[in-house]
Structure formats: structure tokens, C-alpha cells
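Working notes for the structure below.
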Amino acid sequence: MTLGVAVIGFGVMGRTHAAAFRSASLAGLPVELRAVCSRQLEPAMDGRTTGNLAAMASGDPPLSLEGVRTYQDADELLMDSAIDAVSITTWTETHVPLALAALAAGKHVLVEKPVALTTAAVERLAAAVPEGLVCMPAFCMRFWPGWPWLRDRIHDRSLGGLKRLVLSRLGEPPGWAREFYGDPARSGGALFDLHIHDADFVRWCLGDPADLASIGSRSHVTTTYRYPDGPALVTAEGGHLAEPGYGFHMRYRAEFEAAVADFHHSRDEPLLLTQGNETRPIALPSGTAYEIQARHFVEQCLGIAAEPLRATMADAVAVTRLLEREAKGLGEHG
């Protein structure tokens, strides 16, 4: 069976997902990009692509839609019997309604983060996933080369116990869709646009914290997570910086009992391990997180995956609840 995939929403992230599915096909997986849905197939990009999207493709040629059906209406696309799975990359407020409609139409779903801005909305989607269908939140850091490696080291303790973990995700606001990203009521601000990645990663590695303390605002938040029987310090900073040209900086520093791991996405060798008075680069998997994520989703839909679903709707519910806890501690200025 070849999995027929469609992308609903064809802005920056939609194009990223489409290219990732094409990459999965080129890698030999039985998947085909068969349709896209967008009101405007050539959106104006009024700024640089920043943030996690700085590494969208791995040298593939520009995406072509030759032979791909195009729709302007999602309901019409969902009636297409050639479509087995959809990737939803539209505005956040449409994620849950579109995902519910896709599941009702018998389609597997990959839905971009944040799934929604309230726990109640995510729970509504989680409760609607029928047996036999995959509904996966697009938590790309669970696939980003160098980040699963860290989780493995935390769990296997091969570098000793984790003592401190500091994560940072800072950059100028996206240069596209400013009306959306400039309205925290719609986008959730940097709390839900940037910081969600690190909040989810902390949960993935360490579970839910016993307590937390957040300062800042939805546009720039710093949270310390408390684990009484875990690391002495776990903190994550995420924010949009006003200064144009600063670019995007994504980093972690993990201090273990016997080593320090330091990741910065912009280095030629992003992940460095210092151990025994020696610093050396760690070899990372090829491909982008979006490509690896797409392959994982396709394998799950086809029932050929070698591992369980890496990101679940239960995870989406839990991280949304965590962000709501963080939001309560934020001040009015930032």
C-alpha cells in the first residue's frame, strides 16, 4: 500500500511538511504527496525564514506541485478517497476542528503545534481519536538530531546522572503572518510558539515537574522546573526578541556527573561532548527533524514502525496543561 498524504495549509510550515513527505518517498517509503489545500498557493513571505525553519530541507530541489491535486476547501479534500492521511499546518484556532473532521473522514492526522491553546480543546481531540487511526502532534524536537541523543543519555545514565539542564530558544518574531503571530490571543505568543518545544522536551525526558516557577510574559518566558528526586536545576528560556537581525538561537547545556553536553544549532558540529578533559563532536543522524518526523508518521500510519508513536495526543494534553500552569506565573510586562 502507498500512503496518500495531503497537506492542509500551505504557508511556510505546510511547505516544510510537504517537502518532508517528498523526502520520505525519495528515501523509499511507500508514501505519495497527493494533494494540498490552501486559499493561496503562493503566499507572500515578507521576511526571512527564521527559527526552527532555518533547516527545512537537506539539499532537495525546490518543491514542485506537478501532479499534486490542489484544493481551496478542506471539506472537499477530506472527501478525496485517495487521501489516507493529512498534515494540518493552518492557524492554531483551526487545528482541532480540522483534525476532528479528518478523523471523522477516516484519515490519519499529523497536526502542528500547538494543537490548541487550552487543555480542554486538546482533550476534545484526544478523546475523538478512533482505534486504528494515528493522530500525532508535530513535536519536532523529539526528532531533532541531537535531542533524542540527550534523552537517551538521561535515561541510560551512561554519562552519570543528570545534574543540570538549561535550554534556550530565542529569536526575532517570524517575518511572515505578522497579524497572526502578533496576536497572542491567536498564536499564544512565544510561550506556545517557541517555549512549547522545550516544555515538551523536558516532559519527554523527565516527566511532569512537581512544581515550577515562571517569570516574564507570553512573549519571553523563563521557567524553572522542580524535580525533588531529579536534577538540581532544569530551566528553559523562550522568547521573541525585538531586535531585527538577531536571528534564531536554539541551545541546550546538559551537565552530567561525568560529562557536559552542549548543543547549538548554528554550529558546524552542533553537539559537543566534554568528558575527561576532552571536547569532541557527537555524530548526528542525517536529515532534518521534519524529515525524520514525517518518516516516523508514515511508518506509524502504515503499521511498519519499529517503535511506538513518539508523540501522542496524551503528550499534547499534558504539555498544554503544563503551559497553562506556566502562564499563571507570568507578569504583565516583558
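Identifiers for the C-alpha cells are assigned positionally: chains receive A, B, ... in sequence, residues are indexed from 1 per chain, and ligands are indexed from 1 in the order shown.
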
Considering only C-alpha atoms, tabulate each residue of region 229-264 of chain A that lies at most 8 Å from region 180-199 of chain A along with its nearest interatomic pair and the corresponding distance in Å to one decimal; arrange the rows by chain and ascending residue number and present them as a Markdown table.
| residue | atom | partner | partner_atom | distance |
| --- | --- | --- | --- | --- |
| A:Ala236 | CA | A:Asp198 | CA | 6.5 |
| A:Glu237 | CA | A:His195 | CA | 7.0 |
| A:Gly238 | CA | A:His195 | CA | 4.7 |
| A:Gly239 | CA | A:Ala190 | CA | 5.3 |
| A:His240 | CA | A:Ala190 | CA | 6.1 |

Identify, on the basis of only C-alpha atoms, every residue whose closest approach to region 153-159 of chain A does not exceed 7 Å; exclude the query and any residue fewer than 5 positions from it along the same chain; express the result as a compact mmCIF listing (two decimals) with N, CA and C atoms, in the first residue's frame.
# COMPACT_ATOMS: atom_id res chain seq x y z
N PHE A 256 26.13 16.43 33.28
CA PHE A 256 26.01 15.11 33.90
C PHE A 256 27.09 14.95 34.96
N GLU A 257 27.05 13.87 35.69
CA GLU A 257 28.07 13.62 36.71
C GLU A 257 29.44 13.43 36.09
N ALA A 258 29.49 12.95 34.83
CA ALA A 258 30.79 12.63 34.23
C ALA A 258 31.04 13.33 32.90
N ALA A 259 30.21 14.30 32.51
CA ALA A 259 30.39 14.96 31.22
C ALA A 259 29.45 16.15 31.11

Within 7 Å of region 163-166 of chain A: each region 170-258 of chain A residue with its shortest pair, only C-alpha atoms, as a tab-separated table:
residue	atom	partner	partner_atom	distance
A:Pro231	CA	A:Lys163	CA	4.5
A:Ala232	CA	A:Lys163	CA	5.7
A:Leu233	CA	A:Arg164	CA	4.7
A:Val234	CA	A:Leu165	CA	4.8
A:Thr235	CA	A:Val166	CA	5.0
A:Ala236	CA	A:Val166	CA	5.9
A:Tyr252	CA	A:Val166	CA	5.6
A:Arg253	CA	A:Val166	CA	5.3
A:Ala254	CA	A:Leu165	CA	4.5
A:Glu255	CA	A:Arg164	CA	5.1
A:Phe256	CA	A:Lys163	CA	5.3
A:Glu257	CA	A:Lys163	CA	6.5

ask   = What separation in Å, quoted to one decimal, exists between CA of Val129 (chain A) and CA of Val96 (chain A)?
value = 11.6 Å
